[in-house]
>>> print(open('work26.txt').read())   # compact mmCIF, C-alpha atoms
# COMPACT_ATOMS: atom_id res chain seq x y z
CA MET A 719 3.83 -74.91 -64.83
CA LYS A 720 0.54 -73.07 -65.35
CA SER A 721 -0.42 -69.86 -63.61
CA LYS A 722 -3.77 -69.64 -61.89
CA VAL A 723 -5.84 -66.59 -61.03
CA GLU A 724 -7.91 -66.47 -57.86
CA PHE A 725 -9.42 -63.80 -55.65
CA VAL A 726 -8.21 -63.88 -52.04
CA CYS A 727 -9.85 -62.12 -49.10
CA GLU A 728 -7.36 -59.80 -47.39
CA ASN A 729 -9.24 -60.18 -44.11
CA CYS A 730 -9.63 -63.95 -43.70
CA GLY A 731 -7.65 -65.53 -46.56
CA ALA A 732 -10.59 -67.32 -48.20
CA ARG A 733 -10.18 -68.07 -51.92
CA PHE A 734 -12.75 -67.52 -54.67
CA PRO A 735 -12.70 -68.23 -58.42
CA ARG A 736 -14.24 -64.82 -59.24
CA TRP A 737 -14.51 -61.37 -57.70
CA ALA A 738 -17.38 -60.41 -55.41
CA GLY A 739 -18.13 -57.23 -53.52
CA ARG A 740 -18.35 -59.05 -50.19
CA CYS A 741 -16.45 -62.05 -48.81
CA SER A 742 -18.98 -64.80 -48.12
CA ASN A 743 -16.65 -66.32 -45.51
CA CYS A 744 -16.07 -63.38 -43.13
CA GLY A 745 -18.58 -60.82 -44.42
CA GLU A 746 -15.99 -58.10 -45.12
CA TRP A 747 -16.76 -55.72 -48.00
CA ASN A 748 -14.29 -54.93 -50.83
CA SER A 749 -11.65 -57.25 -49.40
CA LEU A 750 -11.13 -59.58 -52.40
CA ILE A 751 -7.94 -58.99 -54.38
CA GLN A 752 -6.87 -60.69 -57.58
CA THR A 753 -3.90 -63.01 -57.07
CA THR A 754 -1.90 -64.98 -59.62
CA PHE A 755 0.27 -67.87 -58.49
CA VAL A 756 2.05 -70.79 -60.06
CA ALA A 757 0.08 -74.01 -59.81
CA THR A 758 2.45 -76.91 -59.20
CA LYS A 759 1.73 -80.30 -60.65
CA ASN A 760 -0.07 -82.60 -58.28
CA LYS A 761 1.53 -85.89 -57.44
CA ASN A 762 -0.18 -88.92 -58.92
CA TYR A 763 -0.77 -91.00 -55.83
CA ALA A 764 -2.29 -93.82 -57.84
CA ASP A 765 1.08 -94.49 -59.52
CA SER A 766 3.14 -93.81 -56.42
CA THR A 767 5.45 -96.55 -55.18
CA GLU A 768 5.72 -94.95 -51.74
CA LYS A 769 4.11 -96.87 -48.91
CA PHE A 770 2.46 -95.50 -45.83
CA THR A 771 2.46 -96.99 -42.36
CA LEU A 772 -0.09 -96.92 -39.56
CA GLN A 773 0.79 -96.97 -35.89
CA LYS A 774 -1.26 -97.89 -32.88
CA LEU A 775 -1.48 -95.12 -30.32
CA ASP A 776 -0.08 -97.28 -27.53
CA GLU A 777 2.85 -98.39 -29.72
CA ILE A 778 4.10 -94.90 -30.60
CA GLN A 779 7.52 -94.14 -29.09
CA ILE A 780 7.87 -90.62 -27.69
CA SER A 781 11.17 -88.86 -28.34
CA ASN A 782 12.81 -86.85 -25.60
CA PHE A 783 12.61 -83.16 -26.47
CA ASP A 784 15.63 -81.53 -24.87
CA LYS A 785 14.83 -77.88 -24.28
CA ILE A 786 17.52 -75.28 -24.92
CA PRO A 787 17.36 -72.54 -22.26
CA THR A 788 17.74 -68.94 -23.39
CA LYS A 789 19.36 -67.86 -20.08
CA ILE A 790 16.68 -65.17 -19.81
CA ASN A 791 14.54 -66.54 -17.00
CA GLU A 792 11.35 -64.67 -17.95
CA VAL A 793 11.52 -65.99 -21.52
CA ASP A 794 12.29 -69.53 -20.38
CA ARG A 795 9.32 -69.34 -18.01
CA VAL A 796 6.95 -68.49 -20.89
CA LEU A 797 8.46 -71.07 -23.27
CA GLY A 798 8.25 -73.80 -20.66
CA GLY A 799 12.00 -74.17 -20.22
CA GLY A 800 13.45 -73.08 -23.56
CA PHE A 801 13.43 -73.75 -27.29
CA ILE A 802 12.90 -77.12 -28.97
CA GLN A 803 15.02 -78.14 -31.97
CA GLY A 804 12.96 -77.92 -35.16
CA SER A 805 10.26 -75.72 -33.61
CA VAL A 806 8.74 -72.61 -35.20
CA VAL A 807 8.06 -69.66 -32.86
CA LEU A 808 6.10 -66.53 -33.76
CA LEU A 809 6.59 -63.32 -31.77
CA SER A 810 4.15 -60.45 -32.33
CA GLY A 811 3.52 -57.06 -30.78
CA ASP A 812 2.83 -53.41 -31.51
CA PRO A 813 5.45 -51.37 -33.42
CA GLY A 814 8.18 -50.13 -31.09
CA ILE A 815 7.15 -52.42 -28.24
CA GLY A 816 10.60 -54.07 -28.11
CA LYS A 817 10.38 -57.20 -30.29
CA SER A 818 13.70 -56.67 -32.09
CA THR A 819 15.37 -55.66 -28.83
CA LEU A 820 14.22 -58.85 -27.13
CA VAL A 821 15.41 -60.96 -30.07
CA LEU A 822 18.91 -59.45 -30.02
CA GLN A 823 19.18 -60.09 -26.28
CA LEU A 824 18.07 -63.69 -26.87
CA LEU A 825 20.62 -64.27 -29.63
CA GLU A 826 23.45 -62.94 -27.48
CA ARG A 827 22.76 -65.49 -24.74
CA LEU A 828 22.23 -68.57 -26.91
CA PRO A 829 25.01 -71.17 -26.60
CA PHE A 830 25.40 -71.48 -30.40
CA ASP A 831 25.54 -69.40 -33.59
CA SER A 832 22.43 -67.66 -34.90
CA LEU A 833 21.31 -65.97 -38.12
CA TYR A 834 19.28 -62.74 -38.13
CA ILE A 835 17.52 -62.18 -41.48
CA SER A 836 16.02 -58.71 -41.56
CA GLY A 837 13.71 -57.39 -44.25
CA GLU A 838 13.13 -54.05 -42.54
CA GLU A 839 16.52 -52.88 -41.28
CA SER A 840 19.98 -52.78 -42.77
CA PRO A 841 22.89 -54.60 -41.08
CA GLU A 842 24.23 -51.18 -40.02
CA GLN A 843 20.97 -50.33 -38.22
CA ILE A 844 20.98 -53.68 -36.42
CA LYS A 845 24.60 -53.14 -35.32
CA LEU A 846 23.72 -49.68 -33.99
CA ARG A 847 20.93 -51.20 -31.90
CA GLY A 848 23.28 -53.92 -30.71
CA ALA A 849 25.89 -51.34 -29.72
CA ARG A 850 23.27 -49.37 -27.82
CA LEU A 851 22.39 -52.55 -25.92
CA GLY A 852 26.01 -53.53 -25.42
CA ILE A 853 25.70 -56.52 -27.79
CA LEU A 854 28.64 -57.08 -30.14
CA SER A 855 28.63 -60.87 -30.37
CA ASN A 856 30.52 -62.71 -33.09
CA GLN A 857 27.98 -65.56 -32.88
CA ILE A 858 25.26 -63.49 -34.58
CA SER A 859 25.28 -63.35 -38.40
CA ILE A 860 23.20 -60.72 -40.22
CA ALA A 861 21.52 -60.90 -43.64
CA ASN A 862 19.32 -58.29 -45.30
CA GLU A 863 16.93 -60.22 -47.56
CA THR A 864 13.21 -60.44 -48.37
CA ASN A 865 13.10 -62.91 -51.26
CA LEU A 866 11.79 -66.27 -50.04
CA GLU A 867 13.73 -68.36 -52.54
CA ILE A 868 17.03 -66.73 -51.54
CA ILE A 869 16.22 -67.11 -47.83
CA GLU A 870 15.46 -70.82 -48.38
CA ASP A 871 18.88 -71.20 -50.03
CA ILE A 872 20.61 -69.39 -47.15
CA ILE A 873 18.94 -71.49 -44.44
CA THR A 874 19.65 -74.72 -46.31
CA ASN A 875 23.34 -74.04 -46.95
CA VAL A 876 24.53 -72.45 -43.68
CA ASP A 877 25.28 -74.57 -40.64
CA ILE A 878 23.42 -72.34 -38.16
CA PRO A 879 20.75 -73.91 -35.89
CA PHE A 880 18.78 -70.74 -34.95
CA ILE A 881 17.16 -68.54 -37.61
CA VAL A 882 15.32 -65.23 -37.04
CA ILE A 883 13.05 -63.71 -39.70
CA ASP A 884 12.22 -60.03 -39.06
CA SER A 885 9.50 -59.74 -40.16
CA ILE A 886 7.46 -62.46 -41.85
CA GLN A 887 5.23 -59.77 -43.43
CA THR A 888 8.19 -58.47 -45.52
CA ILE A 889 8.96 -61.84 -47.14
CA PHE A 890 7.74 -62.49 -50.68
CA SER A 891 7.98 -65.31 -53.21
CA ASP A 892 8.52 -64.84 -56.96
CA GLU A 893 6.08 -67.68 -57.57
CA ILE A 894 3.16 -65.70 -56.11
CA ASN A 895 1.86 -62.64 -57.93
CA SER A 896 0.97 -60.69 -54.83
CA SER A 897 2.54 -57.86 -52.84
CA PRO A 898 4.64 -58.55 -49.71
CA GLY A 899 2.51 -58.67 -46.58
CA SER A 900 -0.56 -59.97 -48.38
CA ILE A 901 -2.39 -62.91 -46.85
CA LEU A 902 -1.28 -65.30 -49.59
CA GLN A 903 2.39 -64.27 -49.36
CA VAL A 904 2.47 -64.54 -45.56
CA ARG A 905 0.77 -67.94 -45.51
CA GLU A 906 2.83 -69.53 -48.28
CA SER A 907 6.11 -68.10 -46.97
CA THR A 908 5.45 -69.38 -43.46
CA GLN A 909 4.52 -72.85 -44.70
CA LYS A 910 7.67 -73.19 -46.80
CA LEU A 911 9.94 -71.91 -44.04
CA MET A 912 8.27 -74.24 -41.55
CA LYS A 913 8.94 -77.27 -43.80
CA ILE A 914 12.63 -76.36 -44.04
CA SER A 915 12.85 -75.88 -40.28
CA LYS A 916 11.34 -79.31 -39.59
CA LYS A 917 13.44 -81.03 -42.27
CA LEU A 918 16.76 -79.55 -41.11
CA ASN A 919 15.83 -79.59 -37.39
CA LYS A 920 16.53 -75.87 -37.02
CA ILE A 921 14.77 -73.42 -34.71
CA LEU A 922 12.85 -70.78 -36.69
CA PHE A 923 11.93 -67.57 -34.87
CA LEU A 924 9.48 -65.35 -36.77
CA ILE A 925 8.64 -61.75 -35.87
CA GLY A 926 5.17 -60.63 -36.92
CA HIS A 927 3.31 -57.34 -37.06
CA VAL A 928 -0.12 -56.72 -35.55
CA ASN A 929 -3.02 -54.90 -37.22
CA LYS A 930 -4.99 -51.96 -35.84
CA ASP A 931 -7.19 -54.33 -33.79
CA GLY A 932 -4.14 -55.78 -32.02
CA ASN A 933 -4.35 -59.15 -33.79
CA ILE A 934 -1.47 -60.77 -35.65
CA ALA A 935 -1.43 -59.41 -39.21
CA GLY A 936 -2.02 -61.98 -41.94
CA PRO A 937 -4.24 -65.04 -42.14
CA LYS A 938 -5.48 -66.76 -38.99
CA ALA A 939 -3.85 -69.90 -40.38
CA LEU A 940 -0.48 -68.35 -39.54
CA GLU A 941 -1.07 -69.04 -35.85
CA HIS A 942 -2.04 -72.64 -36.60
CA ILE A 943 1.10 -73.32 -38.65
CA VAL A 944 3.64 -72.37 -35.99
CA ASP A 945 4.37 -74.31 -32.79
CA THR A 946 4.43 -71.37 -30.39
CA VAL A 947 2.82 -67.92 -30.48
CA LEU A 948 4.30 -65.26 -28.18
CA VAL A 949 2.90 -61.76 -27.71
CA LEU A 950 4.84 -58.83 -26.26
CA GLU A 951 2.45 -56.33 -24.68
CA GLY A 952 2.70 -52.98 -22.95
CA GLU A 953 1.09 -49.57 -22.67
CA LYS A 954 2.63 -46.71 -24.65
CA THR A 955 2.88 -44.59 -21.52
CA SER A 956 4.63 -47.31 -19.48
CA ASN A 957 8.04 -48.99 -19.61
CA ILE A 958 6.55 -52.30 -18.45
CA ARG A 959 6.37 -55.16 -20.96
CA ILE A 960 4.53 -58.47 -20.55
CA LEU A 961 5.45 -61.54 -22.62
CA ARG A 962 2.54 -63.97 -22.99
CA SER A 963 2.21 -67.35 -24.64
CA MET A 964 -0.99 -67.59 -26.69
CA LYS A 965 -0.10 -71.06 -27.98
CA ASN A 966 2.61 -73.54 -27.01
CA ARG A 967 2.75 -77.13 -28.26
CA PHE A 968 5.62 -77.90 -25.90
CA GLY A 969 4.49 -76.23 -22.69
CA SER A 970 1.90 -74.28 -20.75
CA THR A 971 0.20 -71.10 -21.96
CA LEU A 972 -0.47 -69.92 -18.40
CA GLU A 973 2.90 -68.32 -17.73
CA ILE A 974 3.85 -64.67 -18.29
CA GLY A 975 7.22 -62.93 -18.39
CA LEU A 976 7.68 -59.41 -17.00
CA PHE A 977 10.23 -56.88 -18.22
CA GLU A 978 11.04 -53.20 -17.90
CA MET A 979 12.21 -51.32 -20.98
CA SER A 980 15.34 -49.24 -20.33
CA SER A 981 18.19 -47.72 -22.29
CA ALA A 982 20.04 -51.02 -21.76
CA GLY A 983 17.20 -53.08 -23.25
CA LEU A 984 14.60 -55.25 -21.57
CA ILE A 985 15.37 -55.92 -17.90
CA GLU A 986 13.77 -58.87 -16.11
CA LEU A 987 11.53 -58.03 -13.16
CA SER A 988 11.88 -60.32 -10.18
CA ASP A 989 9.76 -58.55 -7.51
CA VAL A 990 6.43 -58.20 -9.29
CA ASN A 991 4.60 -56.51 -6.40
CA LYS A 992 6.94 -53.51 -6.50
CA LEU A 993 5.78 -52.98 -10.06
CA PHE A 994 2.05 -52.77 -9.36
CA LEU A 995 2.06 -50.96 -6.01
CA SER A 996 2.82 -47.28 -5.62
CA GLY A 997 4.93 -48.09 -2.56
CA SER A 998 3.50 -45.35 -0.38
CA PHE A 999 0.63 -47.29 1.27
CA ILE A 1000 -0.72 -43.91 2.44
CA ASN A 1001 -4.37 -44.13 3.41
CA SER A 1002 -6.31 -42.22 0.78
CA SER A 1003 -9.87 -42.34 -0.49
CA GLY A 1004 -10.38 -44.15 -3.78
CA THR A 1005 -7.54 -46.65 -3.26
CA THR A 1006 -7.93 -50.43 -2.93
CA PHE A 1007 -5.66 -53.48 -3.23
CA THR A 1008 -6.50 -56.78 -4.98
CA PRO A 1009 -4.46 -59.99 -5.41
CA ILE A 1010 -4.44 -60.96 -9.10
CA VAL A 1011 -3.52 -64.28 -10.74
CA GLU A 1012 -1.79 -64.08 -14.13
CA GLY A 1013 -0.76 -67.52 -15.30
CA ALA A 1014 1.11 -69.18 -12.44
CA ARG A 1015 1.98 -65.86 -10.83
CA THR A 1016 0.11 -64.07 -8.07
CA PHE A 1017 0.66 -60.41 -7.27
CA VAL A 1018 -1.19 -57.48 -5.72
CA VAL A 1019 -2.37 -54.55 -7.84
CA GLU A 1020 -3.46 -51.14 -6.63
CA THR A 1021 -6.65 -49.53 -7.97
CA GLN A 1022 -7.03 -45.77 -7.81
CA SER A 1023 -10.39 -44.13 -8.58
CA LEU A 1024 -11.59 -40.56 -8.73
CA VAL A 1025 -15.28 -39.63 -8.74
CA SER A 1026 -15.94 -35.92 -9.24
CA PHE A 1027 -18.77 -33.60 -10.26
CA THR A 1028 -19.00 -33.16 -13.99
CA ASN A 1029 -19.06 -29.88 -15.92
CA TYR A 1030 -20.27 -31.57 -19.09
CA ALA A 1031 -23.64 -32.74 -20.38
CA VAL A 1032 -22.20 -36.24 -20.75
CA PRO A 1033 -20.03 -37.39 -17.79
CA GLN A 1034 -16.49 -38.50 -18.61
CA ARG A 1035 -15.41 -42.14 -18.37
CA ASN A 1036 -11.75 -43.07 -18.33
CA ILE A 1037 -10.19 -46.37 -17.24
CA ASN A 1038 -6.60 -47.52 -17.67
CA GLY A 1039 -5.66 -51.18 -17.30
CA TYR A 1040 -9.13 -52.78 -17.22
CA ASP A 1041 -12.09 -53.45 -19.50
CA PHE A 1042 -14.21 -50.33 -20.13
CA LYS A 1043 -17.43 -52.34 -20.55
CA ARG A 1044 -16.95 -54.00 -17.16
CA LEU A 1045 -16.55 -50.55 -15.62
CA GLN A 1046 -19.89 -49.56 -17.13
CA MET A 1047 -21.46 -52.72 -15.69
CA ILE A 1048 -20.01 -52.03 -12.23
CA LEU A 1049 -21.40 -48.48 -12.29
CA ALA A 1050 -24.84 -49.77 -13.30
CA VAL A 1051 -24.85 -52.30 -10.43
CA LEU A 1052 -23.81 -49.62 -7.92
CA ASP A 1053 -26.67 -47.39 -9.07
CA LYS A 1054 -29.33 -50.10 -9.26
CA LYS A 1055 -28.49 -52.22 -6.20
CA LEU A 1056 -27.09 -49.60 -3.82
CA GLY A 1057 -29.16 -46.60 -4.91
CA LEU A 1058 -26.06 -44.49 -5.62
CA ASN A 1059 -26.24 -41.77 -8.24
CA ILE A 1060 -22.59 -42.33 -9.10
CA ARG A 1061 -23.08 -42.51 -12.86
CA GLN A 1062 -23.88 -38.77 -13.01
CA ASN A 1063 -20.26 -37.97 -12.08
CA ASP A 1064 -16.98 -37.99 -13.98
CA ILE A 1065 -15.29 -41.36 -13.39
CA PHE A 1066 -11.53 -41.99 -13.59
CA VAL A 1067 -10.02 -45.40 -12.76
CA ASN A 1068 -6.37 -46.39 -12.99
CA ILE A 1069 -4.67 -49.74 -12.37
CA THR A 1070 -1.14 -48.82 -11.32
CA GLY A 1071 1.79 -50.41 -13.13
CA GLY A 1072 0.73 -49.46 -16.67
CA VAL A 1073 -0.46 -52.94 -17.70
CA TYR A 1074 -3.82 -54.42 -18.66
CA ILE A 1075 -5.51 -56.81 -16.20
CA ASP A 1076 -8.27 -59.16 -17.38
CA ASP A 1077 -8.89 -60.96 -14.07
CA THR A 1078 -12.56 -60.35 -13.13
CA ALA A 1079 -11.65 -60.72 -9.45
CA LEU A 1080 -10.72 -57.05 -9.73
CA ASP A 1081 -14.44 -56.08 -10.03
CA LEU A 1082 -15.02 -55.78 -6.30
CA GLY A 1083 -11.83 -53.80 -5.75
CA ILE A 1084 -12.84 -51.29 -8.43
CA ALA A 1085 -16.39 -50.99 -7.05
CA SER A 1086 -15.05 -50.39 -3.53
CA SER A 1087 -12.56 -47.77 -4.72
CA LEU A 1088 -15.34 -45.94 -6.61
CA VAL A 1089 -17.57 -45.81 -3.53
CA SER A 1090 -14.58 -44.76 -1.41
CA SER A 1091 -13.86 -41.82 -3.70
CA TRP A 1092 -17.56 -40.90 -4.02
CA LYS A 1093 -17.99 -40.86 -0.24
CA ASP A 1094 -14.46 -39.45 0.23
CA GLU A 1095 -13.90 -42.06 2.94
CA THR A 1096 -10.68 -44.06 3.27
CA ILE A 1097 -10.32 -47.83 3.09
CA PRO A 1098 -7.39 -48.99 5.30
CA SER A 1099 -4.33 -49.87 3.21
CA ASN A 1100 -3.96 -53.22 5.02
CA VAL A 1101 -7.29 -54.50 3.59
CA ALA A 1102 -7.42 -56.53 0.35
CA ILE A 1103 -10.67 -56.82 -1.63
CA LEU A 1104 -11.48 -59.25 -4.44
CA GLY A 1105 -14.46 -60.86 -6.11
CA GLU A 1106 -16.38 -60.88 -9.37
CA ILE A 1107 -19.60 -58.85 -9.45
CA GLY A 1108 -22.74 -60.27 -11.06
CA LEU A 1109 -25.54 -58.26 -12.65
CA THR A 1110 -27.83 -58.92 -9.69
CA GLY A 1111 -25.29 -57.52 -7.23
CA GLU A 1112 -24.03 -60.89 -5.98
CA VAL A 1113 -20.32 -61.47 -5.38
CA ARG A 1114 -19.30 -64.44 -7.50
CA ALA A 1115 -16.55 -66.98 -6.84
CA ILE A 1116 -13.00 -66.52 -8.12
CA ALA A 1117 -10.26 -69.02 -8.99
CA ASN A 1118 -7.19 -69.86 -6.88
CA PRO A 1119 -8.37 -68.25 -3.61
CA GLU A 1120 -5.66 -69.81 -1.43
CA LYS A 1121 -2.86 -68.49 -3.65
CA ARG A 1122 -4.32 -64.99 -3.42
CA ILE A 1123 -4.77 -65.10 0.36
CA PHE A 1124 -1.24 -66.43 0.85
CA GLU A 1125 0.19 -63.57 -1.25
CA VAL A 1126 -1.55 -60.77 0.67
CA GLU A 1127 -0.73 -62.42 4.00
CA LYS A 1128 2.92 -62.59 2.98
CA MET A 1129 2.85 -58.87 2.18
CA GLY A 1130 1.51 -57.97 5.61
CA PHE A 1131 -2.17 -57.35 4.92
CA LYS A 1132 -4.37 -57.80 8.01
CA LYS A 1133 -7.76 -58.33 6.39
CA ILE A 1134 -9.21 -59.69 3.16
CA ILE A 1135 -12.76 -59.58 1.79
CA LEU A 1136 -13.72 -62.64 -0.26
CA PRO A 1137 -16.78 -64.19 -1.94
CA LYS A 1138 -18.60 -66.53 0.43
CA ARG A 1139 -18.91 -69.10 -2.35
CA ILE A 1140 -15.21 -70.01 -2.12
CA LYS A 1141 -15.28 -70.71 1.63
CA SER A 1142 -15.46 -74.48 1.10
CA GLN A 1143 -12.32 -74.32 -1.13
CA LEU A 1144 -10.06 -73.15 1.69
CA ASN A 1145 -8.19 -76.10 3.19
CA ARG A 1146 -5.71 -74.25 5.36
CA LYS A 1147 -5.78 -71.64 8.10
CA PHE A 1148 -4.51 -68.10 7.66
CA LYS A 1149 -3.43 -65.52 10.21
CA LEU A 1150 -5.18 -62.54 8.64
CA GLU A 1151 -8.88 -61.80 9.13
CA ILE A 1152 -11.11 -63.20 6.38
CA VAL A 1153 -14.53 -61.66 5.72
CA PHE A 1154 -16.90 -63.61 3.47
CA VAL A 1155 -19.62 -61.72 1.59
CA GLU A 1156 -22.47 -62.72 -0.72
CA ARG A 1157 -23.61 -59.35 -2.09
CA ILE A 1158 -21.94 -56.06 -2.90
CA SER A 1159 -24.13 -54.30 -0.31
CA GLU A 1160 -22.41 -56.38 2.42
CA VAL A 1161 -19.02 -55.22 1.19
CA ILE A 1162 -19.98 -51.55 1.34
CA SER A 1163 -21.54 -51.99 4.80
CA ASN A 1164 -18.39 -53.72 6.07
CA LEU A 1165 -16.09 -51.01 4.72
CA PHE A 1166 -18.10 -47.85 5.42
CA GLY A 1167 -20.70 -48.90 8.02
>>> encode(input="work26.txt", output="structure tokens")
Amino acid sequence: MKSKVEFVCENCGARFPRWAGRCSNCGEWNSLIQTTFVATKNKNYADSTEKFTLQKLDEIQISNFDKIPTKINEVDRVLGGGFIQGSVVLLSGDPGIGKSTLVLQLLERLPFDSLYISGEESPEQIKLRGARLGILSNQISIANETNLEIIEDIITNVDIPFIVIDSIQTIFSDEINSSPGSILQVRESTQKLMKISKKLNKILFLIGHVNKDGNIAGPKALEHIVDTVLVLEGEKTSNIRILRSMKNRFGSTLEIGLFEMSSAGLIELSDVNKLFLSGSFINSSGTTFTPIVEGARTFVVETQSLVSFTNYAVPQRNINGYDFKRLQMILAVLDKKLGLNIRQNDIFVNITGGVYIDDTALDLGIASSLVSSWKDETIPSNVAILGEIGLTGEVRAIANPEKRIFEVEKMGFKKIILPKRIKSQLNRKFKLEIVFVERISEVISNLFG
């Protein structure tokens, strides 16, 4: 076999026959690295005796995919019921977020043997973590290996249906002249492991690192190779963890799983509203409540804002749990459309619960809490506020209005402020008072007179 030299972009994985200062595919500077790999002989399809077959779409028989539940309800919810035999699952997340902890808890509850191949920790370290979590199962086998060829041999020769690789960035192949974690090593290792998984009908669970931007480290093709991509998220200052599905060939990507990190591992959270509400419900300026939809779940979050006089030439801006640019937009609309001089003050906004919310229905709740703090006037704690704010000051429609109203009604709220545009979408009657608004000025007038 002949070796071949190419230059591979560390940022996007594009290949080039010669070095260049800038990758023409992604535009990144100084990202091309020289890589030598073994070029395998191509199959001569002209002389091949193999025959191919074509199938009509309506004649294809669909196999029944029996899902294997993990017995962790929040994980099963995100997976769509459980694992599929022969599937490849990728779990990513920030360092220390709880990926390895979640995997050990999964392996303990599986109804069959599993193999944990670690390239980062020794078997002793894994046992210490297991002991801390109260996991001492004899169904979990441990191997400390990073060489791809040896791992292929292990997977092929052991009769274990569930394989964990921790992490895919530590695996390397002797056939590729590149350091572990490089784009070429990650891509080729994943492709080979995926082929073995499909051939032997084994479940392959990969753990992956994320880069400084929060994206999965390695080539983008890594996410296309696997069947399911899971992401474990959470703020460093909070014990709350959210498991999301970014891709799922066997189920929905709309579900989320909620956990709390404790000394005993990740604990499932059943009552979501207790997580996002302070529990006091004391009337205080700068506090509002908004029903949020995350996947198929609906829950109420509490927004707390503080607007104060600044002692600096440039006012401070600090928001936890929501997009900073949307906060800037909300402040600009309040100044332009309501004539408030709120942008000259220090602004602090916090979404309780320590998680990030990307539902734009929270816009109106944040705007109302800012005005409440600026005026130092209280909004009653039994009032829910939601709606997306447009640049012209209009209150735009939001998705799933009935689910949101039902949730706040169930929690005992007496009044809800909604965009007028969704009025025609309501097909049922509710007991609480519903106020429809078209512009943000109507909201402020309704709340503060």
>>> closest_residue(input="work26.txt", among="A:Asp794, A:Asp1064, A:Glu951, A:Glu839", to="Asn862 (chain A)", atoms="all atoms listed in the file")
A:Glu839
>>> closest_residue(input="work26.txt", among="A:Ile1123, A:Met979, A:Leu1082, A:Val1089", to="Val1011 (chain A)", atoms="only C-alpha atoms")
A:Ile1123
>>> closest_residue(input="work26.txt", among="A:Gln857, A:Ser956, A:Ser900, A:Gln803", to="Lys917 (chain A)", atoms="only C-alpha atoms")
A:Gln803
>>> residues_around(input="work26.txt", residues="region 922-928 of chain A", least_positions_apart="3", cutoff="7 Å", atoms="only C-alpha atoms", output="ChimeraX atom specification")
/A:805-812,880-887,915,932-935
>>> closest_residue(input="work26.txt", among="A:Leu1144, A:Pro1009, A:Lys916, A:Glu1106", to="Glu1125 (chain A)", atoms="only C-alpha atoms")
A:Pro1009
>>> closest_residue(input="work26.txt", among="A:Gly745, A:Pro1098, A:Gly837, A:Gly799", to="Ala732 (chain A)", atoms="only C-alpha atoms")
A:Gly745
>>> residues_around(input="work26.txt", residues="Gly1130 (chain A)", least_positions_apart="6", cutoff="12 Å", atoms="all atoms listed in the file", output="ChimeraX atom specification")
/A:999,1018,1099-1102,1123-1124,1148-1151
>>> residues_around(input="work26.txt", residues="Gly1039 (chain A)", least_positions_apart="2", cutoff="10 Å", atoms="all atoms listed in the file", output="JSON, numbers by chain")
{"A": [953, 1021, 1037, 1041, 1042, 1067, 1068, 1069, 1070, 1071, 1072, 1073, 1074, 1075, 1076]}
>>> decode(input="work26.txt", residues="region 887-895 of chain A", atoms="N, CA, C and O atoms", output="PDB file, in the first residue's frame")
ATOM      1  N   GLN A 887     -12.297  11.578  20.612  1.00  0.00           N
ATOM      2  CA  GLN A 887     -11.153  12.409  20.259  1.00  0.00           C
ATOM      3  C   GLN A 887      -9.820  11.810  20.703  1.00  0.00           C
ATOM      4  O   GLN A 887      -8.760  12.266  20.270  1.00  0.00           O
ATOM      5  N   THR A 888      -9.838  10.779  21.566  1.00  0.00           N
ATOM      6  CA  THR A 888      -8.587  10.160  22.027  1.00  0.00           C
ATOM      7  C   THR A 888      -8.187   8.966  21.166  1.00  0.00           C
ATOM      8  O   THR A 888      -7.080   8.450  21.320  1.00  0.00           O
ATOM      9  N   ILE A 889      -9.068   8.523  20.274  1.00  0.00           N
ATOM     10  CA  ILE A 889      -8.801   7.338  19.462  1.00  0.00           C
ATOM     11  C   ILE A 889      -7.921   7.701  18.268  1.00  0.00           C
ATOM     12  O   ILE A 889      -8.127   8.731  17.624  1.00  0.00           O
ATOM     13  N   PHE A 890      -6.954   6.832  17.977  1.00  0.00           N
ATOM     14  CA  PHE A 890      -6.084   7.065  16.819  1.00  0.00           C
ATOM     15  C   PHE A 890      -5.840   5.755  16.082  1.00  0.00           C
ATOM     16  O   PHE A 890      -5.909   4.663  16.655  1.00  0.00           O
ATOM     17  N   SER A 891      -5.544   5.877  14.786  1.00  0.00           N
ATOM     18  CA  SER A 891      -5.250   4.720  13.941  1.00  0.00           C
ATOM     19  C   SER A 891      -3.796   4.779  13.490  1.00  0.00           C
ATOM     20  O   SER A 891      -3.282   5.853  13.145  1.00  0.00           O
ATOM     21  N   ASP A 892      -3.124   3.627  13.494  1.00  0.00           N
ATOM     22  CA  ASP A 892      -1.732   3.553  13.029  1.00  0.00           C
ATOM     23  C   ASP A 892      -1.626   3.828  11.533  1.00  0.00           C
ATOM     24  O   ASP A 892      -0.546   4.160  11.031  1.00  0.00           O
ATOM     25  N   GLU A 893      -2.721   3.680  10.811  1.00  0.00           N
ATOM     26  CA  GLU A 893      -2.692   3.874   9.369  1.00  0.00           C
ATOM     27  C   GLU A 893      -2.739   5.346   8.963  1.00  0.00           C
ATOM     28  O   GLU A 893      -2.572   5.678   7.799  1.00  0.00           O
ATOM     29  N   ILE A 894      -2.999   6.230   9.939  1.00  0.00           N
ATOM     30  CA  ILE A 894      -3.107   7.659   9.641  1.00  0.00           C
ATOM     31  C   ILE A 894      -2.013   8.403  10.390  1.00  0.00           C
ATOM     32  O   ILE A 894      -1.922   8.322  11.616  1.00  0.00           O
ATOM     33  N   ASN A 895      -1.172   9.106   9.652  1.00  0.00           N
ATOM     34  CA  ASN A 895      -0.065   9.846  10.247  1.00  0.00           C
ATOM     35  C   ASN A 895      -0.560  11.213  10.709  1.00  0.00           C
ATOM     36  O   ASN A 895      -0.325  12.233  10.085  1.00  0.00           O
TER      37      ASN A 895
END
